[in-house]
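Worksheet for the structure shown next.
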Amino acid sequence: RHSSPYLNSSSSSSTVSSTYTPAFYTITTEKNTHVVGSCAQIGKHVHLSGGVGIGGVLEPVQAAPVIIEDNCFIGSRCIVVEGVHVGKEAVLGANVCLTMSTKIIDVTGSTPIETKGFVPERSVVIPGSYTKQFPAGEYQVPCALIIGKRKASTDLKTSLNDALREHNVAV
């Protein structure tokens with residue numbers, strides 16, 4: 001069993017037996033939640049839209065679980081697996097797919113910054129692609145693009161859906 005500051009086993013916690021959210025459900029966690037079947041740890045007040053897939057790793061034992069910190073918004077059809085860590089209050093737009101090998105590219109500055117496995121807190125993330133050379137030619141490979149940060153003013157007066165719309169992100 002993995003431990004994390006985002007899952008306090010001594011507090012009242014819910015257990016979710018499935019790692020897939022059907023398309024017609026929207027789940028907002030009110031307590032610390034642990035997704036048992038996949039070794040994923042989900043914080044307080046996390047919005048999981050329809051069709052979200054959260055997965056983890058069972059082997060090897062020292063492998064890191066998926067961690068989604070407090071107050072995140074996970075858009076419809078997102079996939080977060082293989083020990084990816086999503087920082088608090090991050091927003092993942094619809095169809096973002098994150099694995100430990102997915103490039104996460106911050107495009108908010110004058111030069112892109114590439115990372116893997118971690119989404120910084122308050123980041124607004126959308127699906128993207130980059131060109132990769134293969135023996136058969138150049139092809140587009142999926143990645144995740146950090147296009148901005150959630151703003152404090154947005155938190156105070158609008159919903160997370162509005163924050164996504166502000167950055168022209170599908171929900």
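Chain lettering (A, B, ...) mirrors the order of the structure tokens, residue numbering begins at 1 for each chain separately, and ligand numbering begins at 1 in order of display.
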Env of stretch 101-104 of chain A: 10 Å cut, atoms = only C-alpha atoms, seq-sep filter 4 positions within chain, self excluded. Answer as a PyMOL selection string. chain A and resi 82+84+97+112-119+125-130+141-146
Would you give me, as a tab-separated table, each residue of stretch 68-130 of chain A having an atom within 10 Å of an atom of stretch 40-45 of chain A, along with its shortest atom pair and that distance in Å to one decimal, using only C-alpha atoms and sorting by chain and residue number?
```
residue	atom	partner	partner_atom	distance
A:Ile68	CA	A:Ile42	CA	4.8
A:Glu69	CA	A:Gly43	CA	4.7
A:Asp70	CA	A:Gly43	CA	4.3
A:Asn71	CA	A:His45	CA	4.8
A:Cys72	CA	A:His45	CA	7.2
A:Phe73	CA	A:His45	CA	8.8
A:Val80	CA	A:Ala40	CA	9.4
A:Val81	CA	A:Ala40	CA	8.5
A:Glu82	CA	A:Ala40	CA	9.3
A:Gly83	CA	A:Ala40	CA	7.9
A:Val84	CA	A:Ala40	CA	9.5
A:His85	CA	A:Gln41	CA	9.5
A:Val86	CA	A:Ile42	CA	9.5
A:Lys88	CA	A:Gly43	CA	8.5
A:Glu89	CA	A:His45	CA	9.5
```
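Backbone DSSP of stretch 40-104 of chain A yields strand (DSSP E) at Ala40, Gln41, Ile42, His47, Leu48, Gly53, Ile54, Ile67, Ile68, Phe73, Ile74, Ile79, Val80, His85, Val86, Val91, Leu92, Cys97, Leu98, Lys103 and Ile104 of chain A.
Across the model, the gap from atom CA of A:Ser123 to atom CA of A:Pro65 is 20.3 Å.
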Mind giving me the straight-line distance from atom CA of A:Arg150 to atom CA of A:Thr131 in Å, one decimal? 28.1 Å
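Of the residues under consideration (A:Gly51, A:Pro135, A:Gln140, A:Val66), A:Gly51 shows the shortest atom-to-atom contact distance to A:Val96 when counting only C-alpha atoms.
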